[in-house]
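Contents: one structure, followed by commentary.
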Amino acid sequence: CREMGYDGSTSWNSHIQWVIQSQYDINLDDVTCGSDSWSSCSYATTHNCGHAEDVFVSCGEVPVFSLVDSDGNKIFTGGRLGLLLYGDGTVCDDRFSAESGLAICRKMGFTGLAQWTSGIRIQDIQNEKEIMLDNVDCNSGDWGSCTYSTTHNCAHSEDIFLSCQGKIA
């Protein structure tokens with residue numbers, strides 16, 4: 001689930017659920033993971049399975065906001081400055097304030113805002129992203145008090161970098 005952008009899995013099972021399963025090849029078998037990162041997993045690309053062993057996974061909600069470090073890895077703990085993403089794109093600094101930062105930190109499950117800034121810090125990652133959000137204007141530290149636009153008049157030099165306090169709840 002994390003590999004697909006979700007915040008984790010909520011459940012899984014294996015069985016025949018849909019008639020169309022037999023129309024697809026089985027591509028992975030014996031998947032074993034050492035952590036919640038796909039890079040820790042081993043698997044076989046040959047199989048001895050039937051479709052009754054197909055796996056169905058229920059994933060959590062797609063996080064609206066996330067923070068990534070200079071390597072593009074998601075930041076899950078407070079105190080680290082990261083590029084703010086909305087979906088898979090960046091957030092522009094127009095109208096952004098400490099209240100905006102606090103609301104977004106809380107929306108991501110952190111306890112508070114440590115700091116925010118904007119600019120070019122990890123250009124290679126920033127340039128790969130679309131600018132997805134602009135004019136984030138919040139009246140309080142609650143996301144429900146915020147207005148924003150999904151169109152923009154920004155450049156990546158206006159991308160938000162955020163550092164939140166506390167651990168994700």
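Ordering of the structure tokens sets the chain letters (A, B, ...); residue numbers start at 1 within each chain; ligands are numbered from 1 in the order shown.
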Check which residues of stretch 17-114 of chain A sit at most 8 Å from stretch 134-154 of chain A using only C-alpha atoms, and return one row each with the closest pair of atoms and their distance in Å to one decimal, ordered by chain and rising number, as a tab-separated table.
residue	atom	partner	partner_atom	distance
A:Val91	CA	A:Asp134	CA	6.1
A:Cys92	CA	A:Asp134	CA	4.9
A:Asp93	CA	A:Asp134	CA	6.9
A:Asp94	CA	A:Asn135	CA	4.9
A:Arg95	CA	A:Asn135	CA	5.0
A:Phe96	CA	A:Val136	CA	5.3
A:Ser97	CA	A:Asp137	CA	7.2
A:Glu99	CA	A:Gly141	CA	5.2
A:Ser100	CA	A:Cys138	CA	5.0
A:Gly101	CA	A:Gly141	CA	7.8
A:Leu102	CA	A:Gly141	CA	5.0
A:Ala103	CA	A:Gly141	CA	4.1
A:Ile104	CA	A:Trp143	CA	6.5
A:Arg106	CA	A:Asp142	CA	7.3
A:Lys107	CA	A:Trp143	CA	6.5
Handout entry: Contacts of stretch 21-34 of chain A within 10 Å, only C-alpha atoms, excl. fewer than 3 positions in-chain, as an NGL selection string
Key = :A and (16-18 or 37-54)
Fill in the blank from the handout: Of A:Gly112, A:Gly87, A:Gly60, A:Gly72, the one nearest to A:Ser163 when counting only C-alpha atoms is A:Gly112
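Atom to atom, atom CA of A:Gly109 and atom CA of A:Lys167 stand 7.4 Å apart.
You can rank A:Met108, A:Leu81, A:Ile75, A:Ile160 by their closest distance to A:Ile120 using only C-alpha atoms, and at the top of that list sits A:Ile160.
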Handout entry: A:Asn127 environment, 12 Å, only C-alpha atoms, sequence neighbours closer than 4 positions dropped, as number ranges by chain
Key = A: 83, 89-90, 120-123, 131, 155-159
Quick one: write out the picked residues with all heavy atoms as a compact mmCIF listing (two decimals), in the first residue's frame?
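Result saved to selection-v1.txt:
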# COMPACT_ATOMS: atom_id res chain seq x y z
N LEU A 83 10.19 18.90 1.74
CA LEU A 83 9.38 19.46 0.66
C LEU A 83 7.94 19.04 0.89
O LEU A 83 7.65 17.85 1.04
CB LEU A 83 9.87 18.96 -0.70
CG LEU A 83 9.07 19.38 -1.93
CD1 LEU A 83 9.08 20.89 -2.12
CD2 LEU A 83 9.61 18.66 -3.17
N GLY A 89 2.29 16.53 -6.09
CA GLY A 89 2.81 17.80 -6.56
C GLY A 89 3.15 18.72 -5.41
O GLY A 89 2.86 18.43 -4.25
N THR A 90 3.76 19.84 -5.73
CA THR A 90 4.23 20.77 -4.70
C THR A 90 3.16 21.79 -4.35
O THR A 90 2.12 21.89 -4.99
CB THR A 90 5.51 21.49 -5.17
OG1 THR A 90 5.21 22.29 -6.32
CG2 THR A 90 6.61 20.49 -5.49
N ILE A 120 14.11 26.94 -3.60
CA ILE A 120 14.69 25.78 -4.29
C ILE A 120 15.71 25.17 -3.34
O ILE A 120 16.69 25.81 -2.99
CB ILE A 120 15.39 26.21 -5.60
CG1 ILE A 120 14.42 26.86 -6.58
CG2 ILE A 120 16.12 25.02 -6.21
CD1 ILE A 120 13.53 25.90 -7.34
N ARG A 121 15.46 23.96 -2.89
CA ARG A 121 16.39 23.25 -2.01
C ARG A 121 16.77 21.90 -2.58
O ARG A 121 17.86 21.42 -2.33
CB ARG A 121 15.79 23.07 -0.62
CG ARG A 121 15.66 24.36 0.14
CD ARG A 121 14.96 24.13 1.47
NE ARG A 121 14.96 25.34 2.25
CZ ARG A 121 15.77 25.58 3.27
NH1 ARG A 121 16.64 24.68 3.64
NH2 ARG A 121 15.70 26.72 3.92
N ILE A 122 15.85 21.25 -3.25
CA ILE A 122 16.12 19.95 -3.89
C ILE A 122 15.56 20.01 -5.32
O ILE A 122 14.58 19.38 -5.66
CB ILE A 122 15.54 18.77 -3.07
CG1 ILE A 122 14.11 19.04 -2.60
CG2 ILE A 122 16.43 18.44 -1.91
CD1 ILE A 122 13.48 17.87 -1.86
N GLN A 123 16.25 20.80 -6.13
CA GLN A 123 15.78 21.16 -7.46
C GLN A 123 15.42 19.96 -8.32
O GLN A 123 14.41 19.98 -9.03
CB GLN A 123 16.82 22.02 -8.16
CG GLN A 123 16.36 22.56 -9.49
CD GLN A 123 17.33 23.58 -10.06
OE1 GLN A 123 18.40 23.81 -9.52
NE2 GLN A 123 16.93 24.20 -11.14
N ILE A 131 3.13 21.78 -9.82
CA ILE A 131 2.66 22.60 -8.70
C ILE A 131 1.15 22.36 -8.61
O ILE A 131 0.42 22.65 -9.55
CB ILE A 131 2.99 24.09 -8.90
CG1 ILE A 131 4.51 24.26 -8.99
CG2 ILE A 131 2.40 24.92 -7.77
CD1 ILE A 131 4.96 25.64 -9.46
N ALA A 155 6.22 29.49 -9.60
CA ALA A 155 7.40 28.76 -10.06
C ALA A 155 7.88 27.90 -8.89
O ALA A 155 7.50 28.14 -7.74
CB ALA A 155 8.49 29.73 -10.50
N HIS A 156 8.72 26.93 -9.17
CA HIS A 156 9.20 26.06 -8.09
C HIS A 156 10.03 26.81 -7.04
O HIS A 156 10.22 26.31 -5.94
CB HIS A 156 9.97 24.86 -8.65
CG HIS A 156 9.07 23.82 -9.23
ND1 HIS A 156 8.13 23.14 -8.47
CD2 HIS A 156 8.94 23.35 -10.48
CE1 HIS A 156 7.48 22.29 -9.24
NE2 HIS A 156 7.94 22.40 -10.46
N SER A 157 10.50 28.00 -7.37
CA SER A 157 11.20 28.81 -6.37
C SER A 157 10.27 29.23 -5.23
O SER A 157 10.72 29.73 -4.21
CB SER A 157 11.81 30.05 -7.02
OG SER A 157 10.79 30.83 -7.62
N GLU A 158 8.96 28.99 -5.40
CA GLU A 158 7.96 29.30 -4.38
C GLU A 158 7.45 28.05 -3.66
O GLU A 158 6.49 28.13 -2.90
CB GLU A 158 6.78 30.04 -5.01
CG GLU A 158 7.15 31.37 -5.66
CD GLU A 158 6.00 31.96 -6.44
OE1 GLU A 158 5.17 32.67 -5.82
OE2 GLU A 158 5.93 31.69 -7.66
N ASP A 159 8.07 26.89 -3.90
CA ASP A 159 7.65 25.65 -3.24
C ASP A 159 7.85 25.74 -1.73
O ASP A 159 8.85 26.27 -1.25
CB ASP A 159 8.44 24.45 -3.77
CG ASP A 159 8.04 24.03 -5.17
OD1 ASP A 159 6.99 24.48 -5.66
OD2 ASP A 159 8.80 23.24 -5.76
Problem - Residue list (helix (DSSP H, G or I), DSSP) for stretch 8-154 of chain A, as a PyMOL selection string - result: chain A and resi 19-23+38-40+51-53+98-107+123-128+143-145
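Running DSSP on the backbone gives strand (DSSP E) for these residues within stretch 32-64 of chain A: A:Thr32, A:Cys33, A:Cys41, A:Ser42, A:Tyr43, A:Ala44, A:Val55, A:Phe56, A:Val57, A:Ser58, A:Cys59.
In this model, the gap between atom CA of A:Arg80 and atom CA of A:Ser9 comes to 25.2 Å.
Going from atom CA of A:Cys1 to atom CA of A:Ser70 covers 22.4 Å.
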Fill in the blank from the handout: Of A:Leu67, A:Ile125, A:Leu113, A:Leu85, the one sitting nearest A:Gln165 when using only C-alpha atoms is A:Leu113
Would you mind listing what lies within 8 Å of A:Tyr86 as a CSV table (one decimal) with N, CA and C atoms, in the first residue's frame, with only C-alpha atoms counted and same-chain residues fewer than 6 positions away left out?
chain,number,residue,atom,x,y,z
A,64,VAL,N,-3.4,13.3,1.7
A,64,VAL,CA,-3.5,14.5,0.9
A,64,VAL,C,-2.1,15.2,0.9
A,65,PHE,N,-1.5,15.3,2.1
A,65,PHE,CA,-0.2,16.0,2.2
A,65,PHE,C,0.8,15.0,2.7
A,66,SER,N,2.1,15.3,2.3
A,66,SER,CA,3.2,14.5,2.8
A,66,SER,C,4.4,15.4,2.7
A,132,MET,N,0.7,21.8,-7.5
A,132,MET,CA,-0.7,21.3,-7.4
A,132,MET,C,-1.6,22.2,-6.6
A,133,LEU,N,-1.0,23.1,-5.7
A,133,LEU,CA,-1.8,23.9,-4.8
A,133,LEU,C,-1.2,25.2,-4.6
